[in-house]
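Q: To start, I am sharing the structure in question, which I have written as structure tokens.
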2 protein chains.
Amino acid sequence: MAVGLKPLGEMYPVAGFRLATVAAGIKTPGRRDLVVMELAEGANCAAVFTRNAFCAAPVTIAKEHRARSAPRYLLINTGNANAGTGDSGLADARRCCNVLAEAAGVDADSVLPFSTGVIGEPLPVEKIVAAIPEAVKALDGASWGDAAHGILTTDTLPKGVSRRMMVMGEEITITGIAKGSGMIRPDMATMLAFIATNAAVAPHLLQRCLEEAVAHSFNAITVDGDTSTNDACLLVATGESALTVIDSEESERYRELLQAVTEVATELAQAIIRDGEGATKFITVDVRGGRSVDECRQVAYTVAHSPLVKTAFFASDPNWGRILAAVGRAGVDGLDVSRVEVHLDEVCIVRNGGRADEYEESAGQAVMDRDEITVSIDLARGASSARVWTSDLSHEYVKINAEYRT
Amino acid sequence: MAVGLKPLGEMYPVAGFRLATVAAGIKTPGRRDLVVMELAEGANCAAVFTRNAFCAAPVTIAKEHRARSAPRYLLINTGNANAGTGDSGLADARRCCNVLAEAAGVDADSVLPFSTGVIGEPLPVEKIVAAIPEAVKALDGASWGDAAHGILTTDTLPKGVSRRMMVMGEEITITGIAKGSGMIRPDMATMLAFIATNAAVAPHLLQRCLEEAVAHSFNAITVDGDTSTNDACLLVATGESALTVIDSEESERYRELLQAVTEVATELAQAIIRDGEGATKFITVDVRGGRSVDECRQVAYTVAHSPLVKTAFFASDPNWGRILAAVGRAGVDGLDVSRVEVHLDEVCIVRNGGRADEYEESAGQAVMDRDEITVSIDLARGASSARVWTSDLSHEYVKINAEYRT
């Protein structure tokens with residue numbers, strides 16, 4: 001029961017980028033669970049990965065390969081995360097890369113592996129390698145929609161965003177897909193997002209563009225505070241548009257690209273929250289008036305992670321005391337609570353350290369009955385701000401996660 | 001459905017300490033919801049309070065009064081937290097103290113107020129003051145059991161511990177009660193715990209004794225990570241035992257008292273977890289081999305707060321990958337995951353960065369089927385350790401907190 005998440009719109013192909021989705025039978029027989037992506041020779045690829053110390057085997061291998069060679073192929077499976085699998089997990093990820101490299105006629109270092117699904121089970125390597133040749137044959141520029149389905153786990157809907165825009169008179173395309181529904185509190189990026197553009201972008205600038213976009217999109221969402229072991233986000237620039245190479249941070253072209261990539265990343269990140277496990281509400285937590293972005297994020301995440309705040313949202317209960325308690329325990333040094341203001345959408349609920357004088361329960365109830373709600377918190381002690389998106393905590397979340405492996 | 005929480009045993013009176021519990025009709029008509037406690041003249045009283053910046057009005061007043069005068073009376077209501085109530089909340093708490101002071105013939109500064117219940121509603125002062133005279137008349141040394149019931153909110157069972165011990169040939173008594181079930185991640189102490197002894201203890205030593213005991217008991221539990229606005233824990237020493245005053249930290253008597261108070265506080269703190277909202281499991285998270293106690297606590301709390309770990313416990317699912325992912329995201333700098341070991345009770349689940357070779361799902365399942373489980377995590381990088389107790393995340397937790405105000 002995703003909140004305000006529309007069906008996939010048109011997904012424009014990106015010249016120099018092809019995809020294929022096939023059934024390898026990894027967890028569910030017949031499920032199209034294996035995706036291969038091909039980057040044309042000369043494409044640049046920026047990437048960010050999870051900072052979870054127990055990062056998965058494919059994350060380790062992807063980082064290793066990327067340090068040695070320009071990526072040409074991405075191999076993504078769902079149904080098994082290949083995380084917490086030790087040395088044999090690393091060997092399994094390498095084997096899959098080798099088989100794809102051979103089938104495609106490239107070096108194994110130019111293949112990056114990605115996995116999502118259950119942690120701690122051995123990767124069913126034989127099923128994956130058996131399906132690779134068919135995938136290589138099926139590569140096609142128009143298959144973004146299939147791939148958006150192919151990478152899902154507990155997601156209920158595919159997540160994809162595609163944009164065309166004119167820059168200096170030349171059309172460029174940006175298309176991206178993402179997955180994720182639980183174990184979502186990305187710390188660098190969320191598992192998994194793949195964004196491609198046909199623009200030509202210098203490698204250092206592409207990486208910078210991705211990191212800036214991710215900071216305001218994937219790194220600003222949380223379902224349950226649980227940073228995944230497999231998070232990764234890639235931005236590919238194939239360079240096949242007619243626009244000349246973007247190589248200066250000061251250029252108008254770079255700023256337009258950054259804005260467009262940030263928009264695509266934000267819409268994908270929000271889609272993950274809209275489809276968060278058990279989500280019935282889409283919540284924006286907006287904190288301003290802080291002394292630093294860090295303290296604003298700290299307050300925003302404390303509110304967004306509070307099980308009491310999240311269950312109140314699930315119940316559509318304007319129990320604003322729980323928001324106030326979460327702000328109070330967020331660890332902001334020397335916070336003057338008598339200056340803090342909290343709004344639910346347009347309704348002021350907290351002022352002068354307590355319930356706002358004009359507040360009426362019926363007004364709070366009217367906001368809480370909405371599917372999409374913004375909590376605005378003004379700390380009134382500085383000029384910094386931060387924004388985080390989250391979902392509520394429902395019976396369905398407990399059900400999904402109590403029964404996930406069964 | 002509290003986990004392994006026994007009915008109240010015998011609650012020994014503490015000479016110099018009397019209690020009364022009466023019905024003020026604060027939230028539920030007929031419920032005995034107001035408790036008065038009386039400390040004999042000359043009793044010492046140590047206290048710790050919540051660090052939530054939005055601390056409740058009674059917490060502010062209790063701190064103020066305690067700074068000015070030795071406490072003689074404690075006034076505790078359930079059903080309303082008098083938190084987030086601004087200036088009128090402070091006035092309400094003062095008014096209640098004044099009425100009790102007058103009825104008892106003491107100065108208002110020697111009354112400390114405590115409230116627990118819904119945040120953000122005005123305190124029903126008239127109902128409280130109307131019930132005070134009856135309470136003062138009913139004061140009695142044997143009424144600990146009634147008081148243990150009187151301070152509950154969403155708790156399903158009362159929590160009390162009482163001990164008698166011989167020190168230097170003299171008998172001393174320690175009796176304490178606590179409440180708390182949700183919004184439990186104390187940061188100093190949990191709302192509400194009252195412990196009394198008839199030993200004579202110098203004031204500075206009594207405060208130190210309380211702080212040490214709380215560090216290893218109330219400050220080592222979490223239900224939902226939500227630090228309450230109303231937390232408080234008091235330790236009273238009436239000095240009416242025959243044992244001479246305890247005034248040196250080096251003395252054997254102090255060490256015995258500290259140990260006994262810590263035991264009482266720990267049993268009360270564990271009782272709060274056993275009766276945690278919706279709890280079906282009692283989980284001990286034991287972290288050792290850290291470079292500092294802080295990093296061990298950080299890992300322990302990350303595991304204890306993870307909604308994914310907590311739902312796996314609820315489902316009795318040995319989904320150890322979630323524990324591993326939580327350890328990995330706990331932010332321990334430079335953690336070498338290949339050295340980390342994780343046990344569920346006696347079963348090793350993680351070694352060398354992945355599933356332990358000898359691990360079998362049936363062994364993990366056998367542990368997870370238990371009501372009480374210890375997760376032991378060895379970081380293998382130092383000599384520090386920390387222990388935290390928590391509960392699981394069940395359908396019932398969501399139900400309780402989605403419906404609390406209705």
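Scheme for the structure tokens: letters A, B, ... for chains in order shown; per-chain residue numbers from 1; ligand numbers from 1 in order shown.
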Applying 9 Å and only C-alpha atoms, which residues near Ala104 (chain B) remain after dropping the ones on its own chain fewer than 2 positions away? List them as an MDAnalysis selection string.
A: chainID B and resid 73 99:102 106:107 133 136
Q: Selection from above, N, CA and C atoms, as a short mmCIF file (atom, residue, chain, number, x, y, z; two decimals), in the first residue's frame, can you write it?
A:
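Dumped everything to selection.cif:
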```cif
data_model
loop_
_atom_site.label_atom_id
_atom_site.label_comp_id
_atom_site.auth_asym_id
_atom_site.auth_seq_id
_atom_site.Cartn_x
_atom_site.Cartn_y
_atom_site.Cartn_z
N TYR B 73 8.15 15.19 51.40
CA TYR B 73 7.00 14.52 50.77
C TYR B 73 7.21 14.41 49.26
N VAL B 99 -0.55 22.63 48.20
CA VAL B 99 -1.67 22.01 48.92
C VAL B 99 -1.18 20.87 49.80
N LEU B 100 -0.28 20.05 49.29
CA LEU B 100 0.24 18.94 50.09
C LEU B 100 1.06 19.49 51.28
N ALA B 101 1.85 20.54 51.01
CA ALA B 101 2.68 21.13 52.08
C ALA B 101 1.79 21.63 53.22
N GLU B 102 0.70 22.30 52.84
CA GLU B 102 -0.21 22.83 53.85
C GLU B 102 -0.86 21.71 54.66
N VAL B 106 4.31 21.40 56.30
CA VAL B 106 5.71 21.65 55.96
C VAL B 106 5.79 22.78 54.94
N ASP B 107 7.00 23.17 54.60
CA ASP B 107 7.23 24.17 53.58
C ASP B 107 7.04 23.56 52.19
N PRO B 133 -5.82 15.50 51.07
CA PRO B 133 -6.02 15.31 52.51
C PRO B 133 -6.23 13.85 52.90
N VAL B 136 -2.91 12.05 52.91
CA VAL B 136 -2.05 12.36 54.06
C VAL B 136 -2.50 11.56 55.28
#
```
Q: Wanna dump the chain A-chain B contacts at 7 Å for me, each residue with its shortest atom pair and the distance in Å to one decimal, counting only C-alpha atoms, ordered by chain and number, as a Markdown table?
A:
```
| residue | atom | partner | partner_atom | distance |
| --- | --- | --- | --- | --- |
| A:Asn52 | CA | B:Arg329 | CA | 4.5 |
| A:Ala53 | CA | B:Gly328 | CA | 4.3 |
| A:Phe54 | CA | B:Gly328 | CA | 4.7 |
| A:Gly84 | CA | B:Gly354 | CA | 4.2 |
| A:Thr85 | CA | B:Gly354 | CA | 4.6 |
| A:Gly86 | CA | B:Gly354 | CA | 4.5 |
| A:Ile119 | CA | B:Gly321 | CA | 5.0 |
| A:Gly120 | CA | B:Gly321 | CA | 5.6 |
| A:Asp224 | CA | B:Pro307 | CA | 6.2 |
| A:Asp226 | CA | B:Ser306 | CA | 6.4 |
| A:Thr227 | CA | B:Arg329 | CA | 6.2 |
| A:Ser228 | CA | B:Ala325 | CA | 6.7 |
| A:Thr229 | CA | B:Ala325 | CA | 6.0 |
| A:Ser306 | CA | B:Asp226 | CA | 6.4 |
| A:Pro307 | CA | B:Asp224 | CA | 6.3 |
| A:Leu308 | CA | B:Asn401 | CA | 6.5 |
| A:Thr311 | CA | B:Ala402 | CA | 5.1 |
| A:Ala312 | CA | B:Ala402 | CA | 5.5 |
| A:Phe314 | CA | B:Ala402 | CA | 6.6 |
| A:Ala315 | CA | B:Ala402 | CA | 4.8 |
| A:Gly321 | CA | B:Ile119 | CA | 5.0 |
| A:Leu324 | CA | B:Phe54 | CA | 6.9 |
| A:Ala325 | CA | B:Thr229 | CA | 6.0 |
| A:Ala326 | CA | B:Asp226 | CA | 6.8 |
| A:Gly328 | CA | B:Ala53 | CA | 4.3 |
| A:Arg329 | CA | B:Asn52 | CA | 4.6 |
| A:Leu335 | CA | B:Ala53 | CA | 6.7 |
| A:Val337 | CA | B:Phe54 | CA | 6.3 |
| A:Asn352 | CA | B:Gly86 | CA | 6.6 |
| A:Gly353 | CA | B:Gly86 | CA | 5.2 |
| A:Gly354 | CA | B:Gly84 | CA | 4.2 |
| A:Arg355 | CA | B:Thr85 | CA | 6.2 |
| A:Ser394 | CA | B:Val398 | CA | 6.5 |
| A:His395 | CA | B:His395 | CA | 5.8 |
| A:Val398 | CA | B:Thr311 | CA | 6.1 |
| A:Asn401 | CA | B:Thr311 | CA | 5.9 |
| A:Ala402 | CA | B:Ala315 | CA | 4.8 |
| A:Glu403 | CA | B:Ala315 | CA | 6.9 |
```
Q: With only C-alpha atoms as the basis for distance, which of B:Ala103, B:Leu206, B:Cys96, B:Ile128 is at the shortest distance from Ala237 (chain B)?
A: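 Distance minimum relative to Ala237 (chain B) lands on B:Leu206.
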Q: Please return, as number ranges by chain, all residues of region 137-271 of chain B that DSSP assigns to strand (DSSP E or B) on the basis of the backbone.
A: B: 140, 159-167, 170-178, 193-197, 201, 221-222, 232-237, 246
Q: Can you work out the spacing between CA of Ala386 (chain A) and CA of Ala304 (chain A) in Å, to one decimal?
A: 12.4 Å
Q: Out of A:Asp275, A:Glu38, A:Asp378, A:Glu263, which residue has the shortest atom-to-atom distance to Leu157 (chain A) when counting only C-alpha atoms?
A: A:Asp275
Q: How many Å separate CA of Gln365 (chain A) from CA of Glu341 (chain A)?
A: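 Atom-to-atom, CA of Gln365 (chain A) to CA of Glu341 (chain A), that is 18.3 Å.
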Q: Can you pull out the residues contacting Glu170 (chain B)? Cut-off 8 Å, using only C-alpha atoms, and skip same-chain residues under 2 positions away; I want them as a PyMOL selection string.
A: chain B and resi 166-168+172+241-243
Q: Write out the residues from the selection above, keeping C-alpha atoms, as a compact mmCIF listing (two decimals), in the first residue's frame.
A:
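The resulting again.txt:
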```txt
# COMPACT_ATOMS: atom_id res chain seq x y z
CA MET B 166 23.00 -7.72 57.68
CA VAL B 167 25.77 -5.13 57.66
CA MET B 168 28.25 -5.12 60.59
CA ILE B 172 19.12 -2.84 57.01
CA SER B 241 18.47 1.59 61.24
CA ALA B 242 20.83 0.92 64.11
CA LEU B 243 23.79 0.95 61.75
```
Q: Mind pulling up the distance from CA of Val388 (chain A) to CA of Thr78 (chain A)?
A: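 Computing it gives 27.0 Å between the two atoms.
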Q: DSSP says alpha helix (DSSP H) for which residues of region 236-269 of chain B? Put them as a list in words?
A: Glu252, Arg253, Tyr254, Arg255, Glu256, Leu257, Leu258, Gln259, Ala260, Val261, Thr262, Glu263, Val264, Ala265, Thr266, Glu267, Leu268 and Ala269 of chain B
Q: Would you list the contacts of region 28-31 of chain B as a list in words, taking every protein, DNA or RNA residue within 12 Å and counting only C-alpha atoms, but skipping same-chain residues closer than 3 positions in sequence?
A: Thr21, Val22, Ala23, Ala24, Gly25, Leu34, Val35, Asn77, Thr78, Gly79, Asn80, Gly117, Lys127, Ala131, Asp146, His149, Gly150, Ile151, Leu152 and Thr153 of chain B
